[in-house]
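Chemist: Provided herewith: target-v9.pdb, PDB, C-alpha atoms.
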```pdb
MODEL        1
ATOM      1  CA  MET N   1     -36.323 -22.727  -0.159  1.00  0.00           C
ATOM      2  CA  GLU N   2     -36.865 -22.196  -3.860  1.00  0.00           C
ATOM      3  CA  GLU N   3     -35.159 -24.684  -6.169  1.00  0.00           C
ATOM      4  CA  ILE N   4     -33.339 -23.462  -9.267  1.00  0.00           C
ATOM      5  CA  ALA N   5     -32.342 -25.242 -12.430  1.00  0.00           C
ATOM      6  CA  TRP N   6     -28.720 -26.250 -12.987  1.00  0.00           C
ATOM      7  CA  GLN N   7     -28.665 -23.869 -15.951  1.00  0.00           C
ATOM      8  CA  ASP N   8     -29.452 -20.973 -13.583  1.00  0.00           C
ATOM      9  CA  PHE N   9     -26.480 -21.840 -11.355  1.00  0.00           C
ATOM     10  CA  GLU N  10     -24.187 -22.101 -14.381  1.00  0.00           C
ATOM     11  CA  LYS N  11     -24.907 -18.428 -15.171  1.00  0.00           C
ATOM     12  CA  VAL N  12     -23.299 -17.257 -11.918  1.00  0.00           C
ATOM     13  CA  GLU N  13     -19.583 -16.547 -12.410  1.00  0.00           C
ATOM     14  CA  LEU N  14     -18.068 -17.415  -9.022  1.00  0.00           C
ATOM     15  CA  ARG N  15     -14.340 -16.803  -9.370  1.00  0.00           C
ATOM     16  CA  VAL N  16     -11.286 -16.806  -7.129  1.00  0.00           C
ATOM     17  CA  GLY N  17      -9.458 -13.532  -6.700  1.00  0.00           C
ATOM     18  CA  THR N  18      -6.664 -12.174  -4.516  1.00  0.00           C
ATOM     19  CA  ILE N  19      -7.155  -8.975  -2.536  1.00  0.00           C
ATOM     20  CA  ILE N  20      -4.427  -6.541  -3.587  1.00  0.00           C
ATOM     21  CA  ASP N  21      -5.557  -3.330  -1.898  1.00  0.00           C
ATOM     22  CA  VAL N  22      -7.792  -2.384   1.050  1.00  0.00           C
ATOM     23  CA  ALA N  23      -8.970   1.091   2.050  1.00  0.00           C
ATOM     24  CA  ASP N  24     -11.391   2.461   4.618  1.00  0.00           C
ATOM     25  CA  PHE N  25     -14.828   3.421   3.276  1.00  0.00           C
ATOM     26  CA  PRO N  26     -16.128   6.139   5.620  1.00  0.00           C
ATOM     27  CA  LYS N  27     -19.025   7.094   3.310  1.00  0.00           C
ATOM     28  CA  ALA N  28     -20.619   3.624   3.526  1.00  0.00           C
ATOM     29  CA  ARG N  29     -23.785   3.371   5.660  1.00  0.00           C
ATOM     30  CA  LYS N  30     -22.346   0.422   7.607  1.00  0.00           C
ATOM     31  CA  PRO N  31     -18.626  -0.036   8.369  1.00  0.00           C
ATOM     32  CA  ALA N  32     -16.944  -1.367   5.233  1.00  0.00           C
ATOM     33  CA  TYR N  33     -13.716  -1.532   3.275  1.00  0.00           C
ATOM     34  CA  LYS N  34     -13.052  -0.705  -0.360  1.00  0.00           C
ATOM     35  CA  LEU N  35     -11.271  -3.690  -1.899  1.00  0.00           C
ATOM     36  CA  ARG N  36      -9.324  -4.133  -5.121  1.00  0.00           C
ATOM     37  CA  VAL N  37      -9.275  -7.790  -6.159  1.00  0.00           C
ATOM     38  CA  ASP N  38      -7.152  -9.420  -8.863  1.00  0.00           C
ATOM     39  CA  PHE N  39      -9.251 -11.998 -10.734  1.00  0.00           C
ATOM     40  CA  GLY N  40      -6.501 -12.927 -13.212  1.00  0.00           C
ATOM     41  CA  GLU N  41      -5.662 -11.981 -16.786  1.00  0.00           C
ATOM     42  CA  VAL N  42      -9.065 -12.566 -18.382  1.00  0.00           C
ATOM     43  CA  ILE N  43     -11.205 -10.691 -15.833  1.00  0.00           C
ATOM     44  CA  GLY N  44      -8.594  -8.316 -14.419  1.00  0.00           C
ATOM     45  CA  VAL N  45      -8.748  -6.217 -11.265  1.00  0.00           C
ATOM     46  CA  ARG N  46     -12.192  -5.360  -9.905  1.00  0.00           C
ATOM     47  CA  GLN N  47     -13.221  -3.219  -6.967  1.00  0.00           C
ATOM     48  CA  SER N  48     -15.839  -3.973  -4.373  1.00  0.00           C
ATOM     49  CA  SER N  49     -17.161  -2.748  -1.053  1.00  0.00           C
ATOM     50  CA  ALA N  50     -17.308  -5.322   1.732  1.00  0.00           C
ATOM     51  CA  GLN N  51     -18.764  -5.069   5.232  1.00  0.00           C
ATOM     52  CA  ILE N  52     -16.058  -7.230   6.788  1.00  0.00           C
ATOM     53  CA  THR N  53     -14.493  -4.812   9.294  1.00  0.00           C
ATOM     54  CA  LYS N  54     -15.518  -6.787  12.412  1.00  0.00           C
ATOM     55  CA  HIS N  55     -13.479  -9.901  11.618  1.00  0.00           C
ATOM     56  CA  TYR N  56     -10.678  -8.604   9.373  1.00  0.00           C
ATOM     57  CA  SER N  57      -8.033  -5.894   9.580  1.00  0.00           C
ATOM     58  CA  LYS N  58      -6.823  -4.211   6.402  1.00  0.00           C
ATOM     59  CA  ASP N  59      -3.365  -5.750   6.783  1.00  0.00           C
ATOM     60  CA  GLU N  60      -4.583  -9.346   7.092  1.00  0.00           C
ATOM     61  CA  LEU N  61      -6.747  -9.018   3.962  1.00  0.00           C
ATOM     62  CA  ILE N  62      -3.868  -8.203   1.602  1.00  0.00           C
ATOM     63  CA  GLY N  63      -2.964 -11.366  -0.318  1.00  0.00           C
ATOM     64  CA  LYS N  64      -6.057 -13.261   0.884  1.00  0.00           C
ATOM     65  CA  GLN N  65      -7.893 -15.248  -1.777  1.00  0.00           C
ATOM     66  CA  ILE N  66     -11.659 -14.771  -1.844  1.00  0.00           C
ATOM     67  CA  ILE N  67     -14.628 -16.004  -3.857  1.00  0.00           C
ATOM     68  CA  GLY N  68     -16.448 -13.327  -5.814  1.00  0.00           C
ATOM     69  CA  VAL N  69     -19.333 -13.046  -8.255  1.00  0.00           C
ATOM     70  CA  VAL N  70     -17.945 -11.206 -11.275  1.00  0.00           C
ATOM     71  CA  ASN N  71     -20.952 -11.066 -13.602  1.00  0.00           C
ATOM     72  CA  PHE N  72     -23.412  -8.912 -11.628  1.00  0.00           C
ATOM     73  CA  PRO N  73     -23.984  -5.397 -12.979  1.00  0.00           C
ATOM     74  CA  LYS N  74     -21.939  -2.622 -11.363  1.00  0.00           C
ATOM     75  CA  LYS N  75     -23.553  -1.108  -8.261  1.00  0.00           C
ATOM     76  CA  GLN N  76     -23.201   2.438  -6.934  1.00  0.00           C
ATOM     77  CA  ILE N  77     -22.485   2.526  -3.179  1.00  0.00           C
ATOM     78  CA  ALA N  78     -22.171   6.121  -1.941  1.00  0.00           C
ATOM     79  CA  ASP N  79     -19.433   7.639  -4.159  1.00  0.00           C
ATOM     80  CA  PHE N  80     -17.982   4.220  -5.061  1.00  0.00           C
ATOM     81  CA  MET N  81     -18.766   1.847  -7.943  1.00  0.00           C
ATOM     82  CA  SER N  82     -18.720  -1.821  -6.895  1.00  0.00           C
ATOM     83  CA  GLU N  83     -17.771  -4.130  -9.772  1.00  0.00           C
ATOM     84  CA  CYS N  84     -18.126  -7.539  -8.111  1.00  0.00           C
ATOM     85  CA  LEU N  85     -19.671  -9.194  -5.058  1.00  0.00           C
ATOM     86  CA  ILE N  86     -17.389 -10.666  -2.412  1.00  0.00           C
ATOM     87  CA  THR N  87     -19.062 -13.702  -0.846  1.00  0.00           C
ATOM     88  CA  GLY N  88     -19.393 -14.465   2.838  1.00  0.00           C
ATOM     89  CA  PHE N  89     -21.682 -15.675   5.597  1.00  0.00           C
ATOM     90  CA  ALA N  90     -23.162 -13.867   8.602  1.00  0.00           C
ATOM     91  CA  ASP N  91     -22.053 -15.130  11.999  1.00  0.00           C
ATOM     92  CA  GLU N  92     -24.311 -15.299  15.063  1.00  0.00           C
ATOM     93  CA  ASN N  93     -24.026 -11.491  15.450  1.00  0.00           C
ATOM     94  CA  GLY N  94     -24.682 -10.713  11.788  1.00  0.00           C
ATOM     95  CA  ASP N  95     -21.020  -9.881  11.092  1.00  0.00           C
ATOM     96  CA  ILE N  96     -19.650 -11.200   7.800  1.00  0.00           C
ATOM     97  CA  VAL N  97     -17.119 -14.033   7.582  1.00  0.00           C
ATOM     98  CA  LEU N  98     -15.562 -14.373   4.136  1.00  0.00           C
ATOM     99  CA  SER N  99     -16.106 -17.475   2.034  1.00  0.00           C
ATOM    100  CA  ALA N 100     -12.756 -19.185   1.744  1.00  0.00           C
ATOM    101  CA  ILE N 101     -10.943 -21.748  -0.315  1.00  0.00           C
ATOM    102  CA  GLU N 102      -8.843 -24.468   1.270  1.00  0.00           C
ATOM    103  CA  ARG N 103      -5.725 -24.103  -0.907  1.00  0.00           C
ATOM    104  CA  ARG N 104      -4.410 -21.423  -3.245  1.00  0.00           C
ATOM    105  CA  VAL N 105      -5.574 -21.669  -6.842  1.00  0.00           C
ATOM    106  CA  PRO N 106      -4.913 -19.395  -9.827  1.00  0.00           C
ATOM    107  CA  ASN N 107      -6.777 -16.102  -9.821  1.00  0.00           C
ATOM    108  CA  GLY N 108      -9.832 -16.256 -12.076  1.00  0.00           C
ATOM    109  CA  THR N 109     -10.485 -19.959 -11.451  1.00  0.00           C
ATOM    110  CA  LYS N 110     -14.228 -20.623 -11.750  1.00  0.00           C
ATOM    111  CA  LEU N 111     -16.182 -22.563  -9.137  1.00  0.00           C
ATOM    112  CA  ILE N 112     -17.298 -25.836 -10.715  1.00  0.00           C
TER     113      ILE N 112
ENDMDL
END
```
Go ahead and render the structure in this file as structure tokens.

Modeler:
Amino acid sequence: MEEIAWQDFEKVELRVGTIIDVADFPKARKPAYKLRVDFGEVIGVRQSSAQITKHYSKDELIGKQIIGVVNFPKKQIADFMSECLITGFADENGDIVLSAIERRVPNGTKLI
């Protein structure tokens, strides 16, 4: 494992956001959803693609708080522009489980 300097970690903007909209993403190579996430007043609403269809239905994702990286460059995925990275971990089958927070916090709160 490569070590990084604290200053490198400080550059990553890990923020809390609430999922406000979920849509199917049939053009993605692997099963995925298109998400709209509210990261609060300063950052606003961002969209992202997430390969989380194995563990989550669209209905259960609405209102869920997630942890996202909001300072990566935009990324084209099929006909969709992803504006943030939703964080998660692969389970024993390689399916993604979302990173979670224990209690609700204001949207836009930065991981410290």

Chemist: Kindly give the distance, in Å, that separates atom CA of N:Ser49 and atom CA of N:Glu3, rounded to a single decimal.

Modeler: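 Computing the Euclidean distance for atom CA of N:Ser49 and atom CA of N:Glu3 yields 28.8 Å.
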
Chemist: List the residues sitting within 10 Å of (-18.9, -14.5, 5.6) in the file's frame, using only C-alpha atoms, as a list in words.

Modeler: Gln51, Ile52, His55, Ile86, Thr87, Gly88, Phe89, Ala90, Asp91, Gly94, Asp95, Ile96, Val97, Leu98, Ser99 and Ala100 of chain N

Chemist: If you apply the PyMOL selection byres ((chain N and resi 59-61) around 9) to this file, what residues do you get, as a list in words?

Modeler: Ile19, Ile20, Asp21, Val22, Tyr56, Ser57, Lys58, Ile62, Gly63, Lys64 and Gln65 of chain N

Chemist: Using the chain letters and numbers from the file, give me the residues hit by the PyMOL selection byres ((chain N and resi 74) around 12), as a PyMOL selection string.

Modeler: chain N and resi 46-49+69-73+75-77+80-85

Chemist: Tell me which protein, DNA and RNA residues are within 9 Å of N:Asp24, counting only C-alpha atoms, leaving out same-chain ones fewer than 6 positions away, and put them as a PyMOL selection string.

Modeler: chain N and resi 31-35+58

Chemist: Skip N:Gly17 itself and residues of its chain fewer than 5 positions away, then list as a list in words all residues within 8 Å of it, counting all atoms listed in the file.

Modeler: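 Returned residues: Val37, Asp38, Phe39, Gly40, Gln65, Ile66, Ile67, Gly68, Asn107 and Gly108 of chain N.
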
Chemist: When distances are computed from all atoms listed in the file, which of N:Ala5, N:Ala78, N:Ala23, N:Val42 shows the smallest separation from N:Thr109?

Modeler: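 Of the candidates, the smallest distance to N:Thr109 is held by N:Val42.
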
Chemist: Starting from the shown file, work through the PyMOL selection byres ((chain N and resi 27) around 8) and note down what comes out as a list of chain:residue names.

Modeler: N:Phe25, N:Pro26, N:Ala28, N:Arg29, N:Ala78, N:Asp79

Chemist: Starting from 4 Å padding per side, set up an axis-aligned box that covers all listed atoms of stretch 39-47 of chain N and hand over centre and edge lengths in Å, one decimal, as AutoDock Vina command-line options.

Modeler:
```
--center_x -9.4 --center_y -8.1 --center_z -12.7 --size_x 15.6 --size_y 17.7 --size_z 19.4
```

Chemist: Enter the distance from atom CA of N:Asn93 to atom CA of N:Ala50, in Å, rounded to one decimal.

Modeler: 16.5 Å

Chemist: Calculate how many Å separate atom CA of N:Lys110 from atom CA of N:Lys30, rounding to one decimal.

Modeler: 29.7 Å
